[in-house]
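Take a look at the structure below.
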Amino acid sequence: GLGSSVNYSSSKQLLNQKENRIRSFTAGPNVSLDLSLSDMLDLSLRASVNYNKVKYALSPELNNKYFSQTYESELNWTLPKDFFFTTDFSYIANNRLTEGYNLRVPLWNAAISKQFLKNKRGEIKISAFDLLNQNVDVTRNADRNYIEDVRSTVLQRYFLLTFTYNLNKMGGPSGGGIQFRSAAANAIRSY
């Protein structure tokens, strides 16, 4: 699949009794490739690159241009005896931000699950998030008369054990109905 995104905004404010117009523009392509390699194996690849530009009428020294990139992959594998394995990897790159904020963040998650009970109504899953222990959240806010780069503390590597019981008449994933989830071992930190 091929696509693109475009966003333009314009706002006004008074600065020292003068009208200041702030224009923000973001545009970029995105590409995705979804492959069903067999009845038991699916692979998805995605990429997007965005060009960002902010322009201030009264404060041209704050004008700014930068790029943000995201690359993602996902693998879903149906194993014998009703086991399932899934893993996803994303790589986020920020360019031309303030020094110390131009980070490259790799995120890798994986899970293995087993369906059981009559009509495969029960599922137990162990998931691992941020296996590389690299998760960092960096965002840029450009508004009014300032540009702010924010680095947030986020939950890094953790494991989650879930049990899911599907209430439906048909059984299987597409039968509709209600689903209950119970989570144990939530956010067990690994150091």
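Chain labels run A, B, ... following the order of the structure tokens; each chain numbers its residues from 1, and ligands are numbered from 1 in the order shown.
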
Pick out each residue of segment 15-180 of chain A that DSSP on the backbone tags as strand (DSSP E); I need them as a PyMOL selection string.
chain A and resi 15+18-38+41-56+64-79+83-95+104-116+122-129+137-143+146-152+158-167+178-180

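Picture a line from atom CA of Leu75 of chain A to atom CA of Asp39 of chain A; it runs 12.9 Å.
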
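Here atom CA of Asn16 of chain A is placed at a distance of 24.3 Å from atom CA of Lys53 of chain A.
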
Please indicate the distance in Å from atom CA of Ser32 of chain A to atom CA of Asp88 of chain A, rounded to one decimal place.
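Straight-line distance from atom CA of Ser32 of chain A to atom CA of Asp88 of chain A works out to 14.3 Å.
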
Let me make sure I understand: among A:Ser9, A:Asn119, A:Gln17, A:Thr139, which one has the smallest atom-to-atom distance to Ala93 of chain A if we use only C-alpha atoms?
A:Thr139

Can you pull out every residue within 6 Å of Phe129 of chain A, counting only C-alpha atoms, but drop anything in the same chain fewer than 6 positions away, and send it as a ChimeraX atom specification?
/A:109,157-158

Output file for the residues above (all heavy atoms, as a PDB file, in the first residue's frame):
```pdb
ATOM      1  N   ASN A 109       8.813  -6.095  20.651  1.00  0.00           N
ATOM      2  CA  ASN A 109       7.848  -6.786  21.495  1.00  0.00           C
ATOM      3  C   ASN A 109       7.626  -8.181  20.933  1.00  0.00           C
ATOM      4  O   ASN A 109       7.731  -8.406  19.728  1.00  0.00           O
ATOM      5  CB  ASN A 109       6.504  -6.045  21.511  1.00  0.00           C
ATOM      6  CG  ASN A 109       6.641  -4.598  21.908  1.00  0.00           C
ATOM      7  OD1 ASN A 109       7.346  -4.272  22.847  1.00  0.00           O
ATOM      8  ND2 ASN A 109       5.976  -3.712  21.176  1.00  0.00           N
ATOM      9  N   ARG A 157      11.192  -2.165  29.725  1.00  0.00           N
ATOM     10  CA  ARG A 157      10.980  -3.601  29.612  1.00  0.00           C
ATOM     11  C   ARG A 157      10.070  -4.139  30.725  1.00  0.00           C
ATOM     12  O   ARG A 157      10.289  -3.890  31.894  1.00  0.00           O
ATOM     13  CB  ARG A 157      12.312  -4.335  29.659  1.00  0.00           C
ATOM     14  CG  ARG A 157      12.153  -5.845  29.475  1.00  0.00           C
ATOM     15  CD  ARG A 157      13.446  -6.596  29.656  1.00  0.00           C
ATOM     16  NE  ARG A 157      14.476  -6.049  28.810  1.00  0.00           N
ATOM     17  CZ  ARG A 157      15.745  -5.977  29.154  1.00  0.00           C
ATOM     18  NH1 ARG A 157      16.154  -6.394  30.328  1.00  0.00           N
ATOM     19  NH2 ARG A 157      16.637  -5.481  28.317  1.00  0.00           N
ATOM     20  N   TYR A 158       9.036  -4.874  30.299  1.00  0.00           N
ATOM     21  CA  TYR A 158       8.172  -5.554  31.256  1.00  0.00           C
ATOM     22  C   TYR A 158       7.511  -6.745  30.581  1.00  0.00           C
ATOM     23  O   TYR A 158       7.506  -6.876  29.365  1.00  0.00           O
ATOM     24  CB  TYR A 158       7.138  -4.606  31.879  1.00  0.00           C
ATOM     25  CG  TYR A 158       6.063  -4.110  30.939  1.00  0.00           C
ATOM     26  CD1 TYR A 158       4.812  -4.711  30.900  1.00  0.00           C
ATOM     27  CD2 TYR A 158       6.284  -3.024  30.104  1.00  0.00           C
ATOM     28  CE1 TYR A 158       3.821  -4.246  30.061  1.00  0.00           C
ATOM     29  CE2 TYR A 158       5.302  -2.550  29.268  1.00  0.00           C
ATOM     30  CZ  TYR A 158       4.066  -3.165  29.253  1.00  0.00           C
ATOM     31  OH  TYR A 158       3.097  -2.711  28.420  1.00  0.00           O
TER      32      TYR A 158
END
```

Nearest-residue call for Phe89 of chain A, choices A:Leu15, A:Leu132, A:Leu107, A:Val31, using only C-alpha atoms:
A:Leu107

Can you tell me, as a CSV table (one decimal) with N, CA, C and O atoms, in the first residue's frame, what residues are no more than 6 Å from Arg23 of chain A when counting only C-alpha atoms, ignoring any on the same chain fewer than 5 positions away?
```
chain,number,residue,atom,x,y,z
A,9,SER,N,-1.7,23.9,9.5
A,9,SER,CA,-2.5,24.7,10.4
A,9,SER,C,-1.9,26.1,10.4
A,9,SER,O,-0.7,26.3,10.2
A,10,SER,N,-2.8,27.0,10.7
A,10,SER,CA,-2.4,28.4,10.8
A,10,SER,C,-3.1,29.0,11.9
A,10,SER,O,-4.4,28.8,12.1
A,54,VAL,N,7.7,24.6,10.8
A,54,VAL,CA,7.0,25.6,11.6
A,54,VAL,C,7.6,27.0,11.2
A,54,VAL,O,8.8,27.2,11.2
A,55,LYS,N,6.7,28.0,11.0
A,55,LYS,CA,7.1,29.3,10.6
A,55,LYS,C,6.4,30.3,11.4
A,55,LYS,O,5.2,30.3,11.5
```

Given only C-alpha atoms as the basis, pick out the residue of A:Asn64, A:Gln156, A:Thr87, A:Ser5 nearest to Asn52 of chain A.
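Closest residue, counting only C-alpha atoms: A:Asn64.
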
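In terms of minimum interatomic distance to Trp108 of chain A, A:Glu74 ranks closest within A:Tyr66, A:Glu19, A:Phe83, A:Glu74, counting only C-alpha atoms.
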
Considering only C-alpha atoms, return as JSON, numbers by chain whatever protein or nucleic-acid residues lie within 10 Å of Leu79 of chain A, sequence-local ones (same chain, fewer than 2 positions apart) excluded.
{"A": [40, 41, 76, 77, 81, 82, 83, 84, 85, 112, 113, 114]}

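You can rank A:Ala110, A:Thr86, A:Leu14, A:Asn7 by their closest distance to Leu131 of chain A using only C-alpha atoms, and at the top of that list sits A:Ala110.
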
Contacts of Ser44 of chain A at 6 Å (only C-alpha atoms; same-chain gap of 4+ positions) as a compact mmCIF listing (two decimals) with N, CA, C and O atoms, in the first residue's frame:
```
# COMPACT_ATOMS: atom_id res chain seq x y z
N LEU A 33 3.61 -3.06 3.25
CA LEU A 33 3.62 -4.32 2.51
C LEU A 33 3.13 -5.40 3.45
O LEU A 33 3.71 -5.63 4.51
N ASP A 34 2.02 -6.03 3.10
CA ASP A 34 1.44 -7.11 3.90
C ASP A 34 1.52 -8.40 3.10
O ASP A 34 1.00 -8.47 1.98
N SER A 73 7.81 -3.52 11.56
CA SER A 73 7.58 -4.85 11.00
C SER A 73 6.79 -5.66 12.03
O SER A 73 6.88 -5.41 13.23
N GLU A 74 6.03 -6.61 11.53
CA GLU A 74 5.23 -7.48 12.41
C GLU A 74 5.16 -8.87 11.79
O GLU A 74 4.99 -9.02 10.58
```

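When only C-alpha atoms are used to compute distances to Ser90 of chain A, the closest of the residues A:Ser4, A:Thr164, A:Ser24, A:Gln134 turns out to be A:Gln134.
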